[in-house]
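For reference, model20.pdb (PDB, C-alpha atoms, pLDDT in the B column):
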ATOM      1  CA  MET A 144      -7.532   4.764  -8.950  1.00 74.00           C
ATOM      2  CA  SER A 145      -8.787   5.346  -5.408  1.00 84.00           C
ATOM      3  CA  TYR A 146      -7.998   3.286  -2.345  1.00 84.00           C
ATOM      4  CA  LEU A 147      -8.808   3.227   1.347  1.00 84.00           C
ATOM      5  CA  VAL A 148      -5.469   2.983   3.147  1.00 83.00           C
ATOM      6  CA  THR A 149      -5.421   2.193   6.862  1.00 84.00           C
ATOM      7  CA  ILE A 150      -2.247   2.880   8.826  1.00 83.00           C
ATOM      8  CA  GLN A 151      -2.226   2.328  12.583  1.00 75.00           C
ATOM      9  CA  GLY A 152      -6.017   2.492  12.845  1.00 77.00           C
ATOM     10  CA  THR A 153      -6.491   5.657  10.746  1.00 84.00           C
ATOM     11  CA  THR A 154      -8.063   5.328   7.293  1.00 86.00           C
ATOM     12  CA  TYR A 155      -7.232   7.701   4.434  1.00 86.00           C
ATOM     13  CA  THR A 156      -8.761   8.004   0.970  1.00 88.00           C
ATOM     14  CA  VAL A 157      -5.854   7.897  -1.459  1.00 86.00           C
ATOM     15  CA  SER A 158      -6.113   8.424  -5.199  1.00 87.00           C
ATOM     16  CA  LEU A 159      -3.119   8.226  -7.480  1.00 78.00           C
ATOM     17  CA  ASP A 160      -2.038   8.676 -11.053  1.00 78.00           C
ATOM     18  CA  ASP A 161       1.355   7.216 -11.980  1.00 72.00           C
ATOM     19  CA  GLN A 162       3.013   9.077 -14.842  1.00 69.00           C
ATOM     20  CA  GLU A 163       6.390   7.403 -15.526  1.00 67.00           C
ATOM     21  CA  GLY A 164       7.753   7.494 -11.984  1.00 58.00           C
ATOM     22  CA  ARG A 165       6.160  10.813 -11.009  1.00 67.00           C
ATOM     23  CA  ILE A 166       3.077  10.130  -8.940  1.00 72.00           C
ATOM     24  CA  ALA A 167       0.242  12.623  -8.587  1.00 77.00           C
ATOM     25  CA  LEU A 168      -1.309  11.654  -5.279  1.00 80.00           C
ATOM     26  CA  ARG A 169      -4.295  12.945  -3.334  1.00 86.00           C
ATOM     27  CA  ILE A 170      -4.679  12.046   0.332  1.00 86.00           C
ATOM     28  CA  ASP A 171      -8.157  12.880   1.625  1.00 86.00           C
ATOM     29  CA  GLY A 172      -8.415  15.360  -1.255  1.00 84.00           C
ATOM     30  CA  SER A 173      -5.089  17.163  -0.650  1.00 87.00           C
ATOM     31  CA  PRO A 174      -2.633  16.954  -3.580  1.00 86.00           C
ATOM     32  CA  LEU A 175       0.907  15.652  -3.127  1.00 82.00           C
ATOM     33  CA  GLU A 176       3.509  14.984  -5.835  1.00 78.00           C
ATOM     34  CA  ILE A 177       6.024  12.217  -5.362  1.00 81.00           C
ATOM     35  CA  ASP A 178       9.087  11.302  -7.415  1.00 83.00           C
ATOM     36  CA  MET A 179       9.675   7.604  -6.986  1.00 81.00           C
ATOM     37  CA  ALA A 180      12.401   5.304  -8.259  1.00 82.00           C
ATOM     38  CA  SER A 181      12.715   1.593  -7.686  1.00 83.00           C
ATOM     39  CA  ILE A 182      16.098   0.864  -6.131  1.00 83.00           C
ATOM     40  CA  GLN A 183      16.006  -2.905  -6.245  1.00 74.00           C
ATOM     41  CA  GLY A 184      13.158  -5.004  -7.595  1.00 71.00           C
ATOM     42  CA  ASP A 185       9.658  -4.020  -6.571  1.00 72.00           C
ATOM     43  CA  GLN A 186      10.248  -3.763  -2.804  1.00 83.00           C
ATOM     44  CA  PHE A 187      12.867  -1.020  -2.322  1.00 87.00           C
ATOM     45  CA  PHE A 188      12.162   2.574  -3.318  1.00 87.00           C
ATOM     46  CA  SER A 189      13.688   6.024  -3.205  1.00 88.00           C
ATOM     47  CA  LEU A 190      11.098   8.773  -2.710  1.00 86.00           C
ATOM     48  CA  LEU A 191      11.315  12.539  -3.056  1.00 86.00           C
ATOM     49  CA  ILE A 192       8.343  14.233  -1.379  1.00 84.00           C
ATOM     50  CA  ASP A 193       8.200  18.020  -1.076  1.00 80.00           C
ATOM     51  CA  GLY A 194      11.989  18.233  -1.465  1.00 84.00           C
ATOM     52  CA  ARG A 195      12.725  15.623   1.231  1.00 89.00           C
ATOM     53  CA  SER A 196      14.309  12.265   0.464  1.00 92.00           C
ATOM     54  CA  TYR A 197      12.995   8.993   1.911  1.00 91.00           C
ATOM     55  CA  THR A 198      13.796   5.325   1.491  1.00 90.00           C
ATOM     56  CA  ALA A 199      10.945   2.831   1.615  1.00 88.00           C
ATOM     57  CA  VAL A 200      10.722  -0.938   1.814  1.00 89.00           C
ATOM     58  CA  ALA A 201       7.403  -2.625   1.054  1.00 86.00           C
ATOM     59  CA  ALA A 202       6.648  -6.227   1.976  1.00 84.00           C
ATOM     60  CA  THR A 203       3.496  -8.182   1.213  1.00 79.00           C
ATOM     61  CA  GLN A 204       2.642 -11.532   2.757  1.00 69.00           C
ATOM     62  CA  GLY A 205      -0.782 -12.703   1.547  1.00 66.00           C
ATOM     63  CA  GLU A 206      -3.275 -10.011   2.581  1.00 64.00           C
ATOM     64  CA  GLN A 207      -0.814  -8.350   4.981  1.00 69.00           C
ATOM     65  CA  ARG A 208       1.377  -5.402   4.002  1.00 82.00           C
ATOM     66  CA  GLU A 209       4.200  -3.745   5.868  1.00 86.00           C
ATOM     67  CA  VAL A 210       5.909  -0.520   4.814  1.00 87.00           C
ATOM     68  CA  LYS A 211       9.114   0.738   6.367  1.00 89.00           C
ATOM     69  CA  VAL A 212       9.971   4.389   5.637  1.00 89.00           C
ATOM     70  CA  ASN A 213      13.377   5.638   6.821  1.00 89.00           C
ATOM     71  CA  GLY A 214      13.486   2.706   9.247  1.00 85.00           C
ATOM     72  CA  VAL A 215      10.020   3.240  10.764  1.00 88.00           C
ATOM     73  CA  SER A 216       7.748   0.249  10.170  1.00 85.00           C
ATOM     74  CA  SER A 217       3.946   0.350   9.858  1.00 86.00           C
ATOM     75  CA  ALA A 218       1.301  -2.256   9.081  1.00 86.00           C
ATOM     76  CA  VAL A 219      -0.759  -1.041   6.137  1.00 86.00           C
ATOM     77  CA  ALA A 220      -4.127  -2.259   4.859  1.00 82.00           C
ATOM     78  CA  VAL A 221      -5.121  -1.246   1.331  1.00 81.00           C
ATOM     79  CA  GLU A 222      -8.580  -1.751  -0.142  1.00 82.00           C
ATOM     80  CA  ASP A 223     -10.024  -0.611  -3.450  1.00 82.00           C
ATOM     81  CA  GLU A 224     -12.427   2.217  -2.576  1.00 79.00           C
ATOM     82  CA  GLN A 225     -15.146   1.053  -4.972  1.00 78.00           C
ATOM     83  CA  LEU A 226     -15.078  -2.499  -3.558  1.00 77.00           C
ATOM     84  CA  ALA A 227     -15.168  -1.117  -0.013  1.00 73.00           C
ATOM     85  CA  ARG A 228     -18.274   0.937  -0.828  1.00 73.00           C
ATOM     86  CA  LEU A 229     -19.981  -2.100  -2.359  1.00 72.00           C
ATOM     87  CA  ARG A 230     -19.037  -4.212   0.649  1.00 67.00           C
ATOM     88  CA  GLY A 231     -20.500  -1.525   2.927  1.00 64.00           C
ATOM     89  CA  GLN A 232     -23.861  -1.855   1.177  1.00 61.00           C
ATOM     90  CA  VAL A 233     -24.111  -5.576   1.886  1.00 52.00           C
ATOM     91  CA  LYS A 234     -25.571  -6.442   5.286  1.00 49.00           C
ATOM     92  CA  PRO A 235     -23.759  -9.349   6.880  1.00 49.00           C
ATOM     93  CA  ARG A 236     -25.965 -12.250   7.951  1.00 50.00           C
ATOM     94  CA  ARG A 237     -25.959 -12.918  11.669  1.00 49.00           C
ATOM     95  CA  ARG A 238     -24.900 -16.377  12.688  1.00 49.00           C
ATOM     96  CA  VAL A 239     -26.977 -18.358  15.142  1.00 51.00           C
ATOM     97  CA  GLY A 240     -25.181 -18.036  18.455  1.00 54.00           C
ATOM     98  CA  GLY A 241     -23.598 -14.700  17.538  1.00 67.00           C
ATOM     99  CA  ASP A 242     -20.976 -13.166  15.314  1.00 82.00           C
ATOM    100  CA  GLN A 243     -17.590 -14.810  15.849  1.00 87.00           C
ATOM    101  CA  ILE A 244     -14.353 -12.878  15.413  1.00 90.00           C
ATOM    102  CA  LYS A 245     -11.775 -15.491  14.361  1.00 89.00           C
ATOM    103  CA  ALA A 246      -8.016 -15.342  13.957  1.00 88.00           C
ATOM    104  CA  PRO A 247      -7.254 -14.987  10.235  1.00 84.00           C
ATOM    105  CA  MET A 248      -3.823 -16.564  10.812  1.00 85.00           C
ATOM    106  CA  PRO A 249      -1.780 -18.009  13.663  1.00 89.00           C
ATOM    107  CA  GLY A 250      -0.356 -15.325  15.929  1.00 91.00           C
ATOM    108  CA  ARG A 251      -0.098 -13.705  19.340  1.00 93.00           C
ATOM    109  CA  ILE A 252      -2.792 -11.522  20.934  1.00 95.00           C
ATOM    110  CA  VAL A 253      -1.347  -8.033  21.495  1.00 94.00           C
ATOM    111  CA  SER A 254      -4.457  -6.416  22.985  1.00 94.00           C
ATOM    112  CA  VAL A 255      -8.153  -6.902  23.591  1.00 95.00           C
ATOM    113  CA  SER A 256     -10.026  -3.580  23.529  1.00 94.00           C
ATOM    114  CA  VAL A 257     -13.457  -4.806  24.664  1.00 95.00           C
ATOM    115  CA  ALA A 258     -14.898  -6.586  27.691  1.00 94.00           C
ATOM    116  CA  ALA A 259     -17.838  -8.961  28.058  1.00 93.00           C
ATOM    117  CA  GLY A 260     -21.030  -6.897  28.125  1.00 94.00           C
ATOM    118  CA  ASP A 261     -19.617  -4.003  26.058  1.00 94.00           C
ATOM    119  CA  THR A 262     -21.689  -2.713  23.156  1.00 94.00           C
ATOM    120  CA  VAL A 263     -19.763  -2.554  19.868  1.00 92.00           C
ATOM    121  CA  GLU A 264     -20.552  -1.071  16.485  1.00 89.00           C
ATOM    122  CA  SER A 265     -19.907  -2.640  13.104  1.00 84.00           C
ATOM    123  CA  GLY A 266     -16.284  -2.004  12.140  1.00 85.00           C
ATOM    124  CA  GLN A 267     -15.131  -1.264  15.683  1.00 89.00           C
ATOM    125  CA  GLY A 268     -11.728  -2.726  16.592  1.00 90.00           C
ATOM    126  CA  VAL A 269     -11.924  -5.489  19.202  1.00 93.00           C
ATOM    127  CA  VAL A 270      -8.629  -7.430  19.121  1.00 94.00           C
ATOM    128  CA  VAL A 271      -5.094  -6.783  17.855  1.00 92.00           C
ATOM    129  CA  ILE A 272      -3.168  -9.870  16.748  1.00 91.00           C
ATOM    130  CA  GLU A 273       0.503  -9.977  15.786  1.00 90.00           C
ATOM    131  CA  ALA A 274       1.494 -12.314  12.995  1.00 82.00           C
ATOM    132  CA  MET A 275       4.654 -12.309  10.894  1.00 77.00           C
ATOM    133  CA  LYS A 276       5.953  -9.274  12.864  1.00 79.00           C
ATOM    134  CA  MET A 277       2.902  -7.208  11.858  1.00 83.00           C
ATOM    135  CA  GLU A 278       0.029  -6.075  14.052  1.00 86.00           C
ATOM    136  CA  ASN A 279      -3.470  -6.488  12.644  1.00 85.00           C
ATOM    137  CA  GLU A 280      -6.603  -5.028  14.178  1.00 89.00           C
ATOM    138  CA  LEU A 281      -9.616  -7.321  13.939  1.00 89.00           C
ATOM    139  CA  ARG A 282     -12.955  -5.519  13.803  1.00 88.00           C
ATOM    140  CA  ALA A 283     -16.540  -6.429  14.596  1.00 87.00           C
ATOM    141  CA  HIS A 284     -18.445  -7.560  11.515  1.00 81.00           C
ATOM    142  CA  SER A 285     -21.684  -6.230  12.960  1.00 81.00           C
ATOM    143  CA  GLY A 286     -22.876  -4.311  15.997  1.00 85.00           C
ATOM    144  CA  GLY A 287     -24.091  -5.921  19.188  1.00 89.00           C
ATOM    145  CA  THR A 288     -23.050  -6.900  22.694  1.00 92.00           C
ATOM    146  CA  VAL A 289     -19.821  -8.725  23.481  1.00 93.00           C
ATOM    147  CA  LYS A 290     -20.964 -12.120  24.771  1.00 93.00           C
ATOM    148  CA  GLU A 291     -17.618 -13.903  25.179  1.00 92.00           C
ATOM    149  CA  ILE A 292     -13.925 -13.121  25.088  1.00 95.00           C
ATOM    150  CA  ARG A 293     -11.955 -16.313  24.654  1.00 95.00           C
ATOM    151  CA  VAL A 294      -8.402 -14.869  24.694  1.00 95.00           C
ATOM    152  CA  ASP A 295      -6.150 -12.711  26.838  1.00 95.00           C
ATOM    153  CA  GLU A 296      -3.239 -10.469  25.908  1.00 95.00           C
ATOM    154  CA  GLY A 297      -0.146 -12.571  25.246  1.00 95.00           C
ATOM    155  CA  ASP A 298      -2.064 -15.711  24.215  1.00 95.00           C
ATOM    156  CA  THR A 299      -0.946 -17.507  21.077  1.00 95.00           C
ATOM    157  CA  VAL A 300      -3.740 -18.624  18.781  1.00 93.00           C
ATOM    158  CA  ASP A 301      -4.161 -20.863  15.766  1.00 92.00           C
ATOM    159  CA  LYS A 302      -5.764 -19.856  12.481  1.00 88.00           C
ATOM    160  CA  ASN A 303      -9.593 -19.761  12.741  1.00 88.00           C
ATOM    161  CA  ALA A 304      -9.562 -19.792  16.559  1.00 91.00           C
ATOM    162  CA  VAL A 305     -12.629 -17.965  17.909  1.00 92.00           C
ATOM    163  CA  LEU A 306     -11.396 -14.884  19.801  1.00 93.00           C
ATOM    164  CA  VAL A 307     -14.581 -12.904  20.546  1.00 93.00           C
ATOM    165  CA  VAL A 308     -18.309 -13.636  20.215  1.00 92.00           C
ATOM    166  CA  ILE A 309     -20.736 -10.744  19.638  1.00 90.00           C
ATOM    167  CA  GLY A 310     -24.515 -11.215  19.868  1.00 86.00           C
ATOM    168  CA  ASP A 311     -27.696  -9.157  19.928  1.00 77.00           C
TER
END
Conversion result in structure tokens:
Amino acid sequence: MSYLVTIQGTTYTVSLDDQEGRIALRIDGSPLEIDMASIQGDQFFSLLIDGRSYTAVAATQGEQREVKVNGVSSAVAVEDEQLARLRGQVKPRRRVGGDQIKAPMPGRIVSVSVAAGDTVESGQGVVVIEAMKMENELRAHSGGTVKEIRVDEGDTVDKNAVLVVIGD
């Protein structure tokens, strides 16, 4: 199985083969073997990677994932590689009045990385929102010019609130 795994804005192609606790893993084509044992349920793990021991805690809340390895926490997005490729072949339809980037959940705006008048490309990060102690980067659905920014850093927003409008 192959996945696109995004950690702190960097996306990796990860393929894995689980063989009774020993995982043959390839990250961007480079092999890595991992011994993994579940410590408690399906959230706590003990990992042995290249002779080094790690503890990991994985939490999933809806679409959001957080992984904490040896106490260091990271927001992680995982997408099936085949579905991502299919999605990339579908052209999104433009909405009349522009493409609206909406909050997928209630949260707090951590950063806004664009300004009105900026040109953005499809997939470019525009806003980071924090929800449930996890930061999530929201990306432009299509390229264009930033027409409106309706939030500032530190603002709290409701689910489906329009944050940024991108037009032609």
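The space separating atom CA of A:Thr149 from atom CA of A:Asn213 comes to 19.1 Å.
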For this session: Quick one: everything within 6 Å of stretch 287-292 of chain A, counting only C-alpha atoms, minus sequence neighbours fewer than 6 positions away in the same chain. Send it as a PyMOL selection string.
Result: chain A and resi 259-263+307-311
Could the residues in this selection be saved with C-alpha atoms as a PDB file, keeping the file's coordinate frame?
ATOM      1  CA  ALA A 259     -17.838  -8.961  28.058  1.00 93.00           C
ATOM      2  CA  GLY A 260     -21.030  -6.897  28.125  1.00 94.00           C
ATOM      3  CA  ASP A 261     -19.617  -4.003  26.058  1.00 94.00           C
ATOM      4  CA  THR A 262     -21.689  -2.713  23.156  1.00 94.00           C
ATOM      5  CA  VAL A 263     -19.763  -2.554  19.868  1.00 92.00           C
ATOM      6  CA  VAL A 307     -14.581 -12.904  20.546  1.00 93.00           C
ATOM      7  CA  VAL A 308     -18.309 -13.636  20.215  1.00 92.00           C
ATOM      8  CA  ILE A 309     -20.736 -10.744  19.638  1.00 90.00           C
ATOM      9  CA  GLY A 310     -24.515 -11.215  19.868  1.00 86.00           C
ATOM     10  CA  ASP A 311     -27.696  -9.157  19.928  1.00 77.00           C
TER      11      ASP A 311
END
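Atom to atom, atom CA of A:Ile170 and atom CA of A:Gly268 stand 23.1 Å apart.
Counting from atom CA of A:Glu209, the distance to atom CA of A:Met277 is 7.0 Å.
Of the listed residues A:Ile150, A:Glu222, A:Ser158, A:Lys276, the one whose atoms come nearest to A:Ala202 is A:Lys276, with distances taken using all atoms listed in the file.
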For this session: Quick one: everything within 12 Å of A:Gly184, counting all atoms listed in the file, minus sequence neighbours fewer than 5 positions away in the same chain. Send it as a PyMOL selection string.
Result: chain A and resi 189+200-202
Seminar exercise, completed: Of A:Met144, A:Leu226, A:Leu175, A:Leu281, the one sitting nearest A:Leu159 when using only C-alpha atoms is A:Met144
Enumerate, as a tab-separated table (two decimals) with C-alpha atoms, in the coordinates of the input, the residues matched when the PyMOL selection byres ((chain A and resi 284) around 10) is run on the file above.
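New file out.tsv:
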chain	number	residue	atom	x	y	z
A	234	LYS	CA	-25.57	-6.44	5.29
A	235	PRO	CA	-23.76	-9.35	6.88
A	236	ARG	CA	-25.96	-12.25	7.95
A	237	ARG	CA	-25.96	-12.92	11.67
A	242	ASP	CA	-20.98	-13.17	15.31
A	243	GLN	CA	-17.59	-14.81	15.85
A	244	ILE	CA	-14.35	-12.88	15.41
A	263	VAL	CA	-19.76	-2.55	19.87
A	264	GLU	CA	-20.55	-1.07	16.48
A	265	SER	CA	-19.91	-2.64	13.10
A	266	GLY	CA	-16.28	-2.00	12.14
A	267	GLN	CA	-15.13	-1.26	15.68
A	268	GLY	CA	-11.73	-2.73	16.59
A	281	LEU	CA	-9.62	-7.32	13.94
A	282	ARG	CA	-12.96	-5.52	13.80
A	283	ALA	CA	-16.54	-6.43	14.60
A	285	SER	CA	-21.68	-6.23	12.96
A	286	GLY	CA	-22.88	-4.31	16.00
A	287	GLY	CA	-24.09	-5.92	19.19
A	309	ILE	CA	-20.74	-10.74	19.64
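Using all atoms listed in the file, the smallest distance between any of A:Asn303, A:Thr198, A:Gln225, A:Asn279 and A:Pro249 comes from A:Asn303.
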Would you list the contacts of A:Ala199 as a PDB file with C-alpha atoms, in the frame of the given file, taking every protein, DNA or RNA residue within 6 Å and counting only C-alpha atoms, but skipping same-chain residues closer than 3 positions in sequence?
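Wrote out.pdb, looks like this:
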ATOM      1  CA  PHE A 187      12.867  -1.020  -2.322  1.00 87.00           C
ATOM      2  CA  PHE A 188      12.162   2.574  -3.318  1.00 87.00           C
ATOM      3  CA  LYS A 211       9.114   0.738   6.367  1.00 89.00           C
ATOM      4  CA  VAL A 212       9.971   4.389   5.637  1.00 89.00           C
TER       5      VAL A 212
END
Exercise. Got a sec to resolve the PyMOL selection byres ((chain A and resi 192) around 10) on this structure and send the residues as a PyMOL selection string?
Worked result: chain A and resi 175-179+189-191+193-197
Seminar exercise, completed: Restricting to all atoms listed in the file, whichever of A:Arg293, A:Ser173, A:Met275, A:Tyr155 is closest to A:Glu224 is A:Tyr155
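Distances here use only C-alpha atoms; by that measure, the residue among A:Val221, A:Leu147, A:Val255, A:Val215 closest to A:Glu280 is A:Val255.
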For this session: Would you mind listing what lies within 6 Å of A:Val157 as a ChimeraX atom specification, with only C-alpha atoms counted and same-chain residues fewer than 2 positions away left out?
Result: /A:145-146,169-170
With C-alpha atoms kept, could you save the residues just selected as a PDB file, keeping the file's coordinate frame?
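Wrote it out as selection.pdb, contents follow:
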ATOM      1  CA  SER A 145      -8.787   5.346  -5.408  1.00 84.00           C
ATOM      2  CA  TYR A 146      -7.998   3.286  -2.345  1.00 84.00           C
ATOM      3  CA  ARG A 169      -4.295  12.945  -3.334  1.00 86.00           C
ATOM      4  CA  ILE A 170      -4.679  12.046   0.332  1.00 86.00           C
TER       5      ILE A 170
END
For A:Glu278, find every residue with an atom within 9 Å (counting only C-alpha atoms), except residues of its own chain fewer than 3 positions away, and show them as a compact mmCIF listing (two decimals) with C-alpha atoms, in the coordinates of the input.
# COMPACT_ATOMS: atom_id res chain seq x y z
CA GLN A 151 -2.23 2.33 12.58
CA SER A 217 3.95 0.35 9.86
CA ALA A 218 1.30 -2.26 9.08
CA VAL A 253 -1.35 -8.03 21.50
CA VAL A 271 -5.09 -6.78 17.86
CA ILE A 272 -3.17 -9.87 16.75
CA GLU A 273 0.50 -9.98 15.79
CA ALA A 274 1.49 -12.31 13.00
CA MET A 275 4.65 -12.31 10.89
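Taking all atoms listed in the file into account, A:Lys245 lies nearest to A:Asp301 out of the set A:Asp301, A:Asp223, A:Glu296, A:Asp185.
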